[in-house]
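Raw query-v3.cif, mmCIF, C-alpha atoms:
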data_work
loop_
_atom_site.group_PDB
_atom_site.id
_atom_site.type_symbol
_atom_site.label_atom_id
_atom_site.label_comp_id
_atom_site.auth_asym_id
_atom_site.auth_seq_id
_atom_site.Cartn_x
_atom_site.Cartn_y
_atom_site.Cartn_z
ATOM 1 C CA MET Q 1 -7.517 54.439 -109.848
ATOM 2 C CA LYS Q 2 -10.630 54.171 -107.748
ATOM 3 C CA LEU Q 3 -11.438 56.176 -104.653
ATOM 4 C CA ILE Q 4 -13.693 54.901 -101.866
ATOM 5 C CA THR Q 5 -14.788 57.180 -99.066
ATOM 6 C CA GLY Q 6 -17.272 57.065 -96.203
ATOM 7 C CA GLY Q 7 -17.473 57.302 -92.435
ATOM 8 C CA TYR Q 8 -15.675 55.288 -89.804
ATOM 9 C CA ALA Q 9 -16.908 51.694 -89.276
ATOM 10 C CA GLN Q 10 -19.067 51.685 -92.423
ATOM 11 C CA GLY Q 11 -17.615 48.503 -93.932
ATOM 12 C CA LYS Q 12 -15.575 50.163 -96.696
ATOM 13 C CA LEU Q 13 -12.740 47.622 -96.837
ATOM 14 C CA GLN Q 14 -15.150 44.678 -96.767
ATOM 15 C CA TYR Q 15 -17.145 46.359 -99.526
ATOM 16 C CA VAL Q 16 -14.040 46.736 -101.702
ATOM 17 C CA LEU Q 17 -12.730 43.223 -101.066
ATOM 18 C CA SER Q 18 -16.013 41.563 -101.911
ATOM 19 C CA LYS Q 19 -16.901 43.805 -104.858
ATOM 20 C CA TYR Q 20 -13.535 43.353 -106.561
ATOM 21 C CA ARG Q 21 -12.921 39.819 -105.263
ATOM 22 C CA LEU Q 22 -9.646 40.751 -103.639
ATOM 23 C CA ARG Q 23 -7.889 39.131 -100.717
ATOM 24 C CA GLU Q 24 -6.472 40.710 -97.583
ATOM 25 C CA ASP Q 25 -2.938 40.356 -98.975
ATOM 26 C CA ALA Q 26 -3.714 43.057 -101.553
ATOM 27 C CA VAL Q 27 -4.252 45.531 -98.717
ATOM 28 C CA TRP Q 28 -1.747 48.144 -97.550
ATOM 29 C CA ASP Q 29 -2.866 49.479 -94.222
ATOM 30 C CA GLY Q 30 -2.119 53.164 -93.661
ATOM 31 C CA VAL Q 31 0.903 53.087 -95.978
ATOM 32 C CA LEU Q 32 1.516 53.528 -99.683
ATOM 33 C CA PRO Q 33 3.357 50.710 -101.435
ATOM 34 C CA GLU Q 34 6.903 51.934 -101.996
ATOM 35 C CA ASP Q 35 8.249 52.665 -105.439
ATOM 36 C CA GLY Q 36 9.376 49.423 -107.060
ATOM 37 C CA THR Q 37 7.152 47.191 -104.918
ATOM 38 C CA GLN Q 38 6.150 44.168 -106.931
ATOM 39 C CA GLN Q 39 2.467 43.559 -106.718
ATOM 40 C CA ALA Q 40 0.427 41.497 -109.077
ATOM 41 C CA GLY Q 41 -3.018 42.970 -109.704
ATOM 42 C CA THR Q 42 -4.743 45.678 -107.747
ATOM 43 C CA ALA Q 43 -3.223 47.331 -104.686
ATOM 44 C CA VAL Q 44 -5.674 48.503 -102.048
ATOM 45 C CA VAL Q 45 -4.565 51.336 -99.794
ATOM 46 C CA ASN Q 46 -6.737 51.236 -96.701
ATOM 47 C CA HIS Q 47 -6.918 54.020 -94.063
ATOM 48 C CA PHE Q 48 -5.407 56.490 -96.517
ATOM 49 C CA HIS Q 49 -6.311 59.335 -94.120
ATOM 50 C CA ARG Q 50 -4.008 57.814 -91.502
ATOM 51 C CA TRP Q 51 -1.157 57.893 -93.980
ATOM 52 C CA VAL Q 52 -1.869 61.585 -94.652
ATOM 53 C CA ARG Q 53 -1.931 62.273 -90.932
ATOM 54 C CA ARG Q 54 1.398 60.573 -90.362
ATOM 55 C CA ARG Q 55 3.052 62.352 -93.266
ATOM 56 C CA LEU Q 56 1.868 65.677 -91.836
ATOM 57 C CA GLN Q 57 3.206 64.758 -88.413
ATOM 58 C CA ASP Q 58 6.538 63.812 -89.978
ATOM 59 C CA GLY Q 59 6.681 67.084 -91.906
ATOM 60 C CA GLY Q 60 6.217 65.421 -95.303
ATOM 61 C CA CYS Q 61 4.260 66.668 -98.276
ATOM 62 C CA PRO Q 62 1.359 64.228 -98.661
ATOM 63 C CA GLU Q 63 -0.091 66.219 -101.581
ATOM 64 C CA GLU Q 64 2.926 65.589 -103.811
ATOM 65 C CA GLU Q 65 3.586 62.108 -102.538
ATOM 66 C CA ALA Q 66 -0.021 60.983 -103.049
ATOM 67 C CA LEU Q 67 -0.168 62.332 -106.588
ATOM 68 C CA ALA Q 68 3.178 60.754 -107.449
ATOM 69 C CA PHE Q 69 1.870 57.470 -106.080
ATOM 70 C CA VAL Q 70 -1.329 57.387 -108.131
ATOM 71 C CA GLU Q 71 0.670 58.396 -111.160
ATOM 72 C CA ARG Q 72 2.891 55.340 -110.974
ATOM 73 C CA CYS Q 73 0.240 52.979 -109.610
ATOM 74 C CA ASP Q 74 -2.910 53.712 -111.543
ATOM 75 C CA ASN Q 75 -4.366 50.288 -110.883
ATOM 76 C CA CYS Q 76 -5.065 50.927 -107.222
ATOM 77 C CA ILE Q 77 -8.023 51.429 -104.933
ATOM 78 C CA ILE Q 78 -7.678 54.102 -102.275
ATOM 79 C CA ILE Q 79 -9.925 53.921 -99.232
ATOM 80 C CA SER Q 80 -10.201 56.929 -96.954
ATOM 81 C CA ASP Q 81 -12.482 57.833 -94.071
ATOM 82 C CA GLU Q 82 -14.652 60.885 -94.452
ATOM 83 C CA ILE Q 83 -13.274 63.026 -91.615
ATOM 84 C CA GLY Q 84 -14.621 66.457 -92.458
ATOM 85 C CA ASN Q 85 -18.226 66.266 -91.301
ATOM 86 C CA GLY Q 86 -17.774 67.472 -87.751
ATOM 87 C CA ILE Q 87 -17.039 70.641 -85.858
ATOM 88 C CA VAL Q 88 -13.887 72.365 -87.147
ATOM 89 C CA PRO Q 89 -11.313 71.562 -84.452
ATOM 90 C CA VAL Q 90 -9.704 74.260 -82.295
ATOM 91 C CA ASP Q 91 -6.307 72.553 -82.554
ATOM 92 C CA ALA Q 92 -4.291 73.879 -85.517
ATOM 93 C CA PHE Q 93 -2.849 70.506 -86.495
ATOM 94 C CA GLU Q 94 -6.241 68.787 -86.362
ATOM 95 C CA ARG Q 95 -7.663 71.582 -88.501
ATOM 96 C CA ALA Q 96 -4.866 71.331 -91.071
ATOM 97 C CA TYR Q 97 -5.204 67.536 -91.111
ATOM 98 C CA ARG Q 98 -8.885 67.699 -92.076
ATOM 99 C CA GLU Q 99 -8.402 70.519 -94.534
ATOM 100 C CA ARG Q 100 -5.421 68.987 -96.319
ATOM 101 C CA THR Q 101 -6.888 65.480 -96.324
ATOM 102 C CA GLY Q 102 -10.055 66.894 -97.868
ATOM 103 C CA ARG Q 103 -8.129 68.729 -100.568
ATOM 104 C CA ILE Q 104 -6.012 65.669 -101.382
ATOM 105 C CA LEU Q 105 -9.147 63.543 -101.675
ATOM 106 C CA MET Q 106 -10.664 66.111 -104.039
ATOM 107 C CA GLU Q 107 -7.558 65.912 -106.221
ATOM 108 C CA LEU Q 108 -7.692 62.130 -106.205
ATOM 109 C CA ALA Q 109 -11.409 62.193 -106.983
ATOM 110 C CA GLN Q 110 -10.677 64.385 -110.011
ATOM 111 C CA ARG Q 111 -8.215 61.820 -111.294
ATOM 112 C CA ALA Q 112 -10.169 58.711 -110.300
ATOM 113 C CA GLU Q 113 -12.076 56.773 -112.914
ATOM 114 C CA GLU Q 114 -14.637 55.981 -110.242
ATOM 115 C CA VAL Q 115 -15.540 57.353 -106.825
ATOM 116 C CA GLU Q 116 -17.839 55.563 -104.424
ATOM 117 C CA ARG Q 117 -19.135 56.540 -101.044
ATOM 118 C CA VAL Q 118 -19.983 53.738 -98.610
ATOM 119 C CA LEU Q 119 -22.747 54.323 -96.086
ATOM 120 C CA CYS Q 120 -23.859 51.481 -93.811
ATOM 121 C CA GLY Q 121 -22.046 48.991 -96.046
ATOM 122 C CA ILE Q 122 -23.855 50.212 -99.187
ATOM 123 C CA GLY Q 123 -21.858 51.759 -102.020
ATOM 124 C CA GLN Q 124 -23.149 54.869 -103.792
ATOM 125 C CA LYS Q 125 -21.374 55.687 -107.002
ATOM 126 C CA ILE Q 126 -20.782 59.434 -106.944
ATOM 127 C CA LYS Q 127 -18.479 59.554 -109.937
ATOM 128 C CA MET Z 1 -41.104 46.186 -94.598
ATOM 129 C CA MET Z 2 -38.196 47.877 -92.853
ATOM 130 C CA ILE Z 3 -36.931 51.347 -93.742
ATOM 131 C CA LEU Z 4 -33.749 52.822 -92.280
ATOM 132 C CA VAL Z 5 -33.627 56.617 -92.163
ATOM 133 C CA ILE Z 6 -30.137 57.918 -91.417
ATOM 134 C CA GLY Z 7 -28.734 61.421 -91.156
ATOM 135 C CA GLY Z 8 -26.822 63.882 -89.012
ATOM 136 C CA SER Z 9 -28.255 65.935 -86.179
ATOM 137 C CA GLY Z 10 -30.790 68.466 -87.357
ATOM 138 C CA SER Z 11 -31.098 66.818 -90.777
ATOM 139 C CA GLY Z 12 -34.854 66.317 -90.514
ATOM 140 C CA LYS Z 13 -34.782 62.565 -89.824
ATOM 141 C CA SER Z 14 -37.559 62.576 -87.240
ATOM 142 C CA ALA Z 15 -40.027 64.615 -89.224
ATOM 143 C CA TYR Z 16 -39.423 62.546 -92.364
ATOM 144 C CA ALA Z 17 -39.661 59.239 -90.485
ATOM 145 C CA GLU Z 18 -43.000 60.313 -88.999
ATOM 146 C CA GLU Z 19 -44.319 61.348 -92.371
ATOM 147 C CA LEU Z 20 -43.280 57.974 -93.729
ATOM 148 C CA ALA Z 21 -44.933 56.121 -90.834
ATOM 149 C CA CYS Z 22 -48.169 58.053 -91.292
ATOM 150 C CA ALA Z 23 -48.210 57.433 -95.044
ATOM 151 C CA LEU Z 24 -47.544 53.709 -94.676
ATOM 152 C CA ALA Z 25 -49.963 53.243 -91.787
ATOM 153 C CA GLY Z 26 -52.667 55.257 -93.531
ATOM 154 C CA LYS Z 27 -52.497 53.155 -96.648
ATOM 155 C CA GLU Z 28 -52.897 49.889 -94.801
ATOM 156 C CA HIS Z 29 -54.898 51.001 -91.754
ATOM 157 C CA THR Z 30 -52.414 49.765 -89.190
ATOM 158 C CA ARG Z 31 -51.938 51.087 -85.702
ATOM 159 C CA LYS Z 32 -49.021 53.453 -85.179
ATOM 160 C CA TYR Z 33 -46.518 53.100 -82.391
ATOM 161 C CA TYR Z 34 -43.621 55.365 -81.542
ATOM 162 C CA LEU Z 35 -40.796 53.698 -79.627
ATOM 163 C CA ALA Z 36 -38.980 56.347 -77.608
ATOM 164 C CA THR Z 37 -35.511 55.353 -76.463
ATOM 165 C CA MET Z 38 -34.252 58.510 -74.815
ATOM 166 C CA GLN Z 39 -33.604 58.364 -71.108
ATOM 167 C CA VAL Z 40 -34.499 61.684 -69.595
ATOM 168 C CA PHE Z 41 -31.810 62.829 -67.170
ATOM 169 C CA ASP Z 42 -31.765 66.603 -67.525
ATOM 170 C CA GLU Z 43 -33.492 69.710 -68.798
ATOM 171 C CA GLU Z 44 -32.012 69.429 -72.301
ATOM 172 C CA SER Z 45 -33.267 65.884 -72.891
ATOM 173 C CA ARG Z 46 -36.619 66.800 -71.356
ATOM 174 C CA ARG Z 47 -36.945 69.679 -73.847
ATOM 175 C CA LYS Z 48 -35.973 67.424 -76.742
ATOM 176 C CA VAL Z 49 -38.597 64.859 -75.769
ATOM 177 C CA GLU Z 50 -41.163 67.706 -75.500
ATOM 178 C CA ARG Z 51 -40.260 68.988 -78.969
ATOM 179 C CA HIS Z 52 -40.653 65.535 -80.505
ATOM 180 C CA ARG Z 53 -43.935 64.997 -78.651
ATOM 181 C CA THR Z 54 -45.284 68.262 -80.034
ATOM 182 C CA LEU Z 55 -44.196 67.218 -83.534
ATOM 183 C CA ARG Z 56 -46.113 63.961 -83.166
ATOM 184 C CA ASP Z 57 -49.188 65.528 -81.595
ATOM 185 C CA GLY Z 58 -52.358 64.721 -83.439
ATOM 186 C CA LYS Z 59 -50.704 62.169 -85.712
ATOM 187 C CA GLY Z 60 -52.136 59.260 -83.769
ATOM 188 C CA PHE Z 61 -49.018 57.577 -82.474
ATOM 189 C CA GLN Z 62 -49.099 55.581 -79.285
ATOM 190 C CA THR Z 63 -45.799 56.311 -77.531
ATOM 191 C CA ILE Z 64 -43.955 53.468 -75.807
ATOM 192 C CA GLU Z 65 -40.933 54.368 -73.689
ATOM 193 C CA GLN Z 66 -38.395 51.616 -74.302
ATOM 194 C CA PRO Z 67 -34.828 52.706 -73.559
ATOM 195 C CA VAL Z 68 -33.418 49.137 -73.478
ATOM 196 C CA ARG Z 69 -34.487 45.645 -74.676
ATOM 197 C CA ILE Z 70 -36.349 47.145 -77.592
ATOM 198 C CA GLU Z 71 -38.131 43.852 -78.416
ATOM 199 C CA ASP Z 72 -40.028 44.135 -75.116
ATOM 200 C CA ALA Z 73 -41.974 46.993 -76.677
ATOM 201 C CA LEU Z 74 -43.937 44.280 -78.516
ATOM 202 C CA LEU Z 75 -45.441 43.214 -75.187
ATOM 203 C CA LYS Z 76 -46.922 46.681 -74.815
ATOM 204 C CA MET Z 77 -48.603 46.733 -78.227
ATOM 205 C CA GLY Z 78 -52.081 45.545 -79.121
ATOM 206 C CA ASP Z 79 -52.853 42.730 -81.547
ATOM 207 C CA GLY Z 80 -53.180 43.319 -85.234
ATOM 208 C CA ARG Z 81 -51.135 45.007 -87.884
ATOM 209 C CA LYS Z 82 -48.738 47.671 -86.729
ATOM 210 C CA THR Z 83 -46.521 50.392 -88.083
ATOM 211 C CA VAL Z 84 -43.664 51.081 -85.701
ATOM 212 C CA LEU Z 85 -41.307 54.028 -85.643
ATOM 213 C CA LEU Z 86 -38.150 53.406 -83.629
ATOM 214 C CA GLU Z 87 -36.191 56.490 -82.641
ATOM 215 C CA CYS Z 88 -33.261 56.137 -82.465
ATOM 216 C CA VAL Z 89 -30.378 53.668 -82.838
ATOM 217 C CA SER Z 90 -27.836 55.873 -81.051
ATOM 218 C CA ASN Z 91 -29.827 56.196 -77.827
ATOM 219 C CA LEU Z 92 -30.745 52.528 -77.830
ATOM 220 C CA THR Z 93 -27.127 51.492 -78.392
ATOM 221 C CA ALA Z 94 -25.821 53.844 -75.708
ATOM 222 C CA ASN Z 95 -28.448 52.647 -73.229
ATOM 223 C CA GLU Z 96 -27.550 49.020 -73.928
ATOM 224 C CA MET Z 97 -23.820 49.656 -73.767
ATOM 225 C CA PHE Z 98 -23.569 51.863 -70.711
ATOM 226 C CA ALA Z 99 -26.357 50.544 -68.479
ATOM 227 C CA GLN Z 100 -25.658 50.249 -64.746
ATOM 228 C CA GLY Z 101 -22.495 52.280 -64.895
ATOM 229 C CA GLN Z 102 -20.392 49.688 -66.690
ATOM 230 C CA GLN Z 103 -19.539 49.194 -70.336
ATOM 231 C CA LYS Z 104 -20.692 46.047 -72.115
ATOM 232 C CA PRO Z 105 -18.551 44.611 -74.954
ATOM 233 C CA GLU Z 106 -19.380 46.127 -78.352
ATOM 234 C CA ARG Z 107 -20.102 42.790 -80.064
ATOM 235 C CA GLU Z 108 -22.586 41.748 -77.432
ATOM 236 C CA VAL Z 109 -24.270 45.156 -77.583
ATOM 237 C CA ALA Z 110 -24.438 45.118 -81.394
ATOM 238 C CA GLN Z 111 -25.853 41.577 -81.415
ATOM 239 C CA ASN Z 112 -28.505 42.403 -78.825
ATOM 240 C CA VAL Z 113 -29.637 45.542 -80.604
ATOM 241 C CA ILE Z 114 -29.708 43.782 -83.981
ATOM 242 C CA LYS Z 115 -31.637 40.841 -82.532
ATOM 243 C CA GLY Z 116 -34.143 43.135 -80.841
ATOM 244 C CA ILE Z 117 -34.786 45.145 -84.003
ATOM 245 C CA GLU Z 118 -35.029 41.920 -86.015
ATOM 246 C CA ARG Z 119 -37.818 40.741 -83.665
ATOM 247 C CA LEU Z 120 -39.636 44.033 -84.227
ATOM 248 C CA ARG Z 121 -39.210 43.718 -87.983
ATOM 249 C CA LYS Z 122 -40.703 40.222 -88.018
ATOM 250 C CA GLU Z 123 -43.709 41.126 -85.896
ATOM 251 C CA THR Z 124 -44.713 44.418 -87.449
ATOM 252 C CA THR Z 125 -46.174 45.342 -90.805
ATOM 253 C CA HIS Z 126 -43.882 48.336 -91.213
ATOM 254 C CA LEU Z 127 -40.844 49.219 -89.187
ATOM 255 C CA ILE Z 128 -39.087 52.544 -89.605
ATOM 256 C CA VAL Z 129 -35.779 52.885 -87.811
ATOM 257 C CA VAL Z 130 -34.100 56.240 -87.306
ATOM 258 C CA GLY Z 131 -30.308 55.906 -87.414
ATOM 259 C CA ASN Z 132 -27.568 58.444 -86.857
ATOM 260 C CA ASN Z 133 -24.587 59.282 -88.999
ATOM 261 C CA VAL Z 134 -21.979 59.652 -86.246
ATOM 262 C CA PHE Z 135 -19.167 58.292 -88.395
ATOM 263 C CA GLU Z 136 -17.773 61.216 -90.320
ATOM 264 C CA ASP Z 137 -16.138 63.692 -87.938
ATOM 265 C CA GLY Z 138 -12.636 62.203 -88.032
ATOM 266 C CA ILE Z 139 -12.144 62.557 -84.293
ATOM 267 C CA ALA Z 140 -9.989 59.942 -82.559
ATOM 268 C CA TYR Z 141 -12.127 59.488 -79.451
ATOM 269 C CA ASP Z 142 -11.178 57.541 -76.341
ATOM 270 C CA GLU Z 143 -11.567 53.755 -76.527
ATOM 271 C CA THR Z 144 -14.968 53.783 -74.797
ATOM 272 C CA THR Z 145 -16.472 56.104 -77.387
ATOM 273 C CA THR Z 146 -14.697 54.381 -80.285
ATOM 274 C CA ALA Z 147 -16.131 51.031 -79.181
ATOM 275 C CA TYR Z 148 -19.567 52.636 -79.110
ATOM 276 C CA ILE Z 149 -19.120 54.057 -82.629
ATOM 277 C CA ARG Z 150 -17.929 50.652 -83.900
ATOM 278 C CA ALA Z 151 -21.005 48.990 -82.389
ATOM 279 C CA MET Z 152 -23.141 51.663 -84.098
ATOM 280 C CA GLY Z 153 -21.347 50.960 -87.385
ATOM 281 C CA ALA Z 154 -21.987 47.219 -87.152
ATOM 282 C CA ILE Z 155 -25.659 47.779 -86.271
ATOM 283 C CA HIS Z 156 -26.216 50.254 -89.097
ATOM 284 C CA GLN Z 157 -24.569 47.952 -91.636
ATOM 285 C CA LYS Z 158 -26.752 45.017 -90.577
ATOM 286 C CA LEU Z 159 -29.931 47.120 -90.570
ATOM 287 C CA ALA Z 160 -29.099 48.526 -94.015
ATOM 288 C CA GLU Z 161 -28.553 44.989 -95.314
ATOM 289 C CA ARG Z 162 -31.934 43.800 -94.035
ATOM 290 C CA ALA Z 163 -33.912 46.944 -94.793
ATOM 291 C CA GLU Z 164 -35.904 47.159 -98.005
ATOM 292 C CA GLN Z 165 -35.104 50.857 -98.162
ATOM 293 C CA VAL Z 166 -32.330 53.057 -96.799
ATOM 294 C CA VAL Z 167 -32.769 56.818 -96.939
ATOM 295 C CA GLU Z 168 -30.180 59.426 -96.017
ATOM 296 C CA MET Z 169 -31.488 62.805 -94.920
ATOM 297 C CA VAL Z 170 -29.575 65.840 -96.175
ATOM 298 C CA VAL Z 171 -30.809 69.332 -95.217
ATOM 299 C CA GLY Z 172 -34.272 67.913 -94.688
ATOM 300 C CA LEU Z 173 -34.367 66.153 -98.057
ATOM 301 C CA PRO Z 174 -34.475 62.390 -98.463
ATOM 302 C CA VAL Z 175 -31.702 60.895 -100.606
ATOM 303 C CA SER Z 176 -32.210 57.269 -101.564
ATOM 304 C CA VAL Z 177 -29.309 54.961 -100.679
ATOM 305 C CA LYS Z 178 -31.139 51.685 -101.199
ATOM 306 C CA ALA Z 179 -34.551 51.235 -102.774
#

Can you turn what I pasted into structure tokens?
Amino acid sequence: MKLITGGYAQGKLQYVLSKYRLREDAVWDGVLPEDGTQQAGTAVVNHFHRWVRRRLQDGGCPEEEALAFVERCDNCIIISDEIGNGIVPVDAFERAYRERTGRILMELAQRAEEVERVLCGIGQKIK
Amino acid sequence: MMILVIGGSGSGKSAYAEELACALAGKEHTRKYYLATMQVFDEESRRKVERHRTLRDGKGFQTIEQPVRIEDALLKMGDGRKTVLLECVSNLTANEMFAQGQQKPEREVAQNVIKGIERLRKETTHLIVVGNNVFEDGIAYDETTTAYIRAMGAIHQKLAERAEQVVEMVVGLPVSVKA
């Protein structure tokens, strides 16, 4: 599993598609491929943070679900926005969203064979 | 040569970019120009401009106020080799996008800013551009602001691609992103 992070509008998906020569049809946008989904090759989960947000809104447990996903799909690339470099929000949900997304990404980074951060379209390998 | 210096607010971008400009200009004896993009509307922006002016005092920059159409700054420069410090992409983009009380489309704004900076790059010996990392706070802004951030993203990506060096400032320290 590979993890790609970076700010909004930094060209992360484009970076991944061109680096790994993947096509748009490998991309899952804001969702995790369901258990049993047939996919040849690498699955790319784009906007992972949006999936976390929706699971929190729906009262799910994104921590467990995300770990279970990478366990069964270890040939995947997860792309998430960096959302934690701003003022800590006053709203409790917004605060929990950043905090829990950050902690999930740390867990994934621990497990990832490679972590890259994309800034202005340029990848920096940080693990 | 073009160098992009990016960072958050208070990360030391300005001071580092000036240092860089002085070092590059000193080595090759070029004239130094500072392109100021901030439009002064209120006391806070006036103070910010003052602070930056004080920082630059005695370093030999000629300041050119150029809040929009950045390439027009070339008309205000003398002949010969020049080192230009452009500060900063976020003001320039906002000025281009929200001029005359109406919002221009993000693509058009991004293209204009990129084209303008490309002109500067071609006609200067050294160009240092100060960018802004406004991409990492996770806030879902209104569409107007999101369009602005997307335009900023497109501009930064293009500048980083064309720049010989990209430096990210972290707590006042330069971290090389592209060298």

Practice task
Evaluate the PyMOL selection byres ((chain Q) within 6 of (chain Z)) and record the selected residues as a VMD selection string, following the chain and residue labels used in the document.
Solution key: chain Q and resid 7 to 10 82 to 86 120 to 121

Quick one: write out the picked residues with C-alpha atoms as a tab-separated table (two decimals), in the coordinates of the input?
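Contents of part.tsv, freshly written:
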chain	number	residue	atom	x	y	z
Q	7	GLY	CA	-17.47	57.30	-92.44
Q	8	TYR	CA	-15.68	55.29	-89.80
Q	9	ALA	CA	-16.91	51.69	-89.28
Q	10	GLN	CA	-19.07	51.68	-92.42
Q	82	GLU	CA	-14.65	60.88	-94.45
Q	83	ILE	CA	-13.27	63.03	-91.62
Q	84	GLY	CA	-14.62	66.46	-92.46
Q	85	ASN	CA	-18.23	66.27	-91.30
Q	86	GLY	CA	-17.77	67.47	-87.75
Q	120	CYS	CA	-23.86	51.48	-93.81
Q	121	GLY	CA	-22.05	48.99	-96.05

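The residue set within 7 Å of Leu92 of chain Z, counting all atoms listed in the file and dropping same-chain residues fewer than 4 places from it, reads Thr37, Pro67, Val68, Cys88 and Glu96 of chain Z.
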
Exercise for the section: With the file shown as input, list the residues that the PyMOL selection byres ((chain Z and resi 103-106) around 8) selects, as a ChimeraX atom specification. Expected result: /Z:96-99,101-102,107-110,144,147-148,150-151

Handout entry: Distance in Å - atom CA of Val27 of chain Q versus atom CA of Gly11 of chain Q
Key =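 Between these atoms lies a distance of 14.5 Å.
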
Practice task
Enumerate, as a list in words, the residues matched when the PyMOL selection byres ((chain Q and resi 106) around 12) is run on the file above.
Solution key: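 Written out, the selection comes to Leu3, Ile4, Thr5, Glu63, Ala66, Leu67, Ser80, Glu82, Glu99, Arg100, Thr101, Gly102, Arg103, Ile104, Leu105, Glu107, Leu108, Ala109, Gln110, Arg111, Ala112, Val115 and Lys127 of chain Q.
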
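For the atom pair formed by atom CA of Thr145 of chain Z and atom CA of Gly10 of chain Z, the distance is 21.4 Å, given to one decimal.
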
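What separates atom CA of Arg53 of chain Q from atom CA of Lys2 of chain Q is a distance of 20.6 Å.
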
Practice task
Rank nothing, just name the residue among Q:Met1, Q:Glu114, Q:Asp81, Q:Glu64 nearest to Ile126 of chain Q, using all atoms listed in the file.
Solution key: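 For Ile126 of chain Q, the nearest of the given residues is Q:Glu114.
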
Exercise for the section: Name the residues in contact with segment 54-60 of chain Q at a cut-off of 12 Å, using only C-alpha atoms, excluding same-chain residues fewer than 2 positions from it; report them as a ChimeraX atom specification. Expected result: /Q:30-32,47-52,62-66,93-101

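When only C-alpha atoms are used to compute distances to Arg31 of chain Z, the closest of the residues Z:Val129, Z:Val84, Z:Leu74, Z:Val170 turns out to be Z:Val84.
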
Handout entry: Residue with smallest distance to Gln14 of chain Q - pool Q:Pro33, Q:Pro89, Q:Gly123, Q:Gly41, counting only C-alpha atoms
Key =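 Smallest separation from Gln14 of chain Q among the options: Q:Gly123.
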
Missing atoms in segment 59-70 of chain Q need filling: write out N, CA, C and O atoms for it as an mmCIF file, in the frame of the given file.
data_model
loop_
_atom_site.group_PDB
_atom_site.id
_atom_site.type_symbol
_atom_site.label_atom_id
_atom_site.label_comp_id
_atom_site.auth_asym_id
_atom_site.auth_seq_id
_atom_site.Cartn_x
_atom_site.Cartn_y
_atom_site.Cartn_z
ATOM 1 N N GLY Q 59 6.235 65.940 -91.122
ATOM 2 C CA GLY Q 59 6.681 67.084 -91.906
ATOM 3 C C GLY Q 59 6.832 66.785 -93.395
ATOM 4 O O GLY Q 59 7.572 67.485 -94.099
ATOM 5 N N GLY Q 60 6.148 65.757 -93.884
ATOM 6 C CA GLY Q 60 6.217 65.421 -95.303
ATOM 7 C C GLY Q 60 5.247 66.264 -96.125
ATOM 8 O O GLY Q 60 4.578 67.152 -95.597
ATOM 9 N N CYS Q 61 5.199 65.954 -97.406
ATOM 10 C CA CYS Q 61 4.260 66.668 -98.276
ATOM 11 C C CYS Q 61 3.303 65.651 -98.905
ATOM 12 O O CYS Q 61 3.542 65.169 -100.023
ATOM 13 N N PRO Q 62 2.251 65.299 -98.174
ATOM 14 C CA PRO Q 62 1.359 64.228 -98.661
ATOM 15 C C PRO Q 62 0.714 64.551 -100.006
ATOM 16 O O PRO Q 62 0.408 63.637 -100.769
ATOM 17 N N GLU Q 63 0.529 65.858 -100.298
ATOM 18 C CA GLU Q 63 -0.091 66.219 -101.581
ATOM 19 C C GLU Q 63 0.742 65.669 -102.739
ATOM 20 O O GLU Q 63 0.236 64.936 -103.587
ATOM 21 N N GLU Q 64 2.046 66.033 -102.722
ATOM 22 C CA GLU Q 64 2.926 65.589 -103.811
ATOM 23 C C GLU Q 64 3.108 64.087 -103.814
ATOM 24 O O GLU Q 64 3.076 63.447 -104.859
ATOM 25 N N GLU Q 65 3.322 63.547 -102.627
ATOM 26 C CA GLU Q 65 3.586 62.108 -102.538
ATOM 27 C C GLU Q 65 2.387 61.287 -103.018
ATOM 28 O O GLU Q 65 2.543 60.281 -103.706
ATOM 29 N N ALA Q 66 1.178 61.731 -102.656
ATOM 30 C CA ALA Q 66 -0.021 60.983 -103.049
ATOM 31 C C ALA Q 66 -0.207 61.024 -104.564
ATOM 32 O O ALA Q 66 -0.512 60.013 -105.200
ATOM 33 N N LEU Q 67 0.010 62.218 -105.139
ATOM 34 C CA LEU Q 67 -0.168 62.332 -106.588
ATOM 35 C C LEU Q 67 0.887 61.516 -107.326
ATOM 36 O O LEU Q 67 0.583 60.847 -108.320
ATOM 37 N N ALA Q 68 2.128 61.557 -106.826
ATOM 38 C CA ALA Q 68 3.178 60.754 -107.449
ATOM 39 C C ALA Q 68 2.825 59.272 -107.364
ATOM 40 O O ALA Q 68 3.035 58.512 -108.315
ATOM 41 N N PHE Q 69 2.239 58.877 -106.236
ATOM 42 C CA PHE Q 69 1.870 57.470 -106.080
ATOM 43 C C PHE Q 69 0.806 57.052 -107.092
ATOM 44 O O PHE Q 69 0.962 56.040 -107.772
ATOM 45 N N VAL Q 70 -0.265 57.824 -107.212
ATOM 46 C CA VAL Q 70 -1.329 57.387 -108.131
ATOM 47 C C VAL Q 70 -0.883 57.472 -109.590
ATOM 48 O O VAL Q 70 -1.400 56.776 -110.450
#
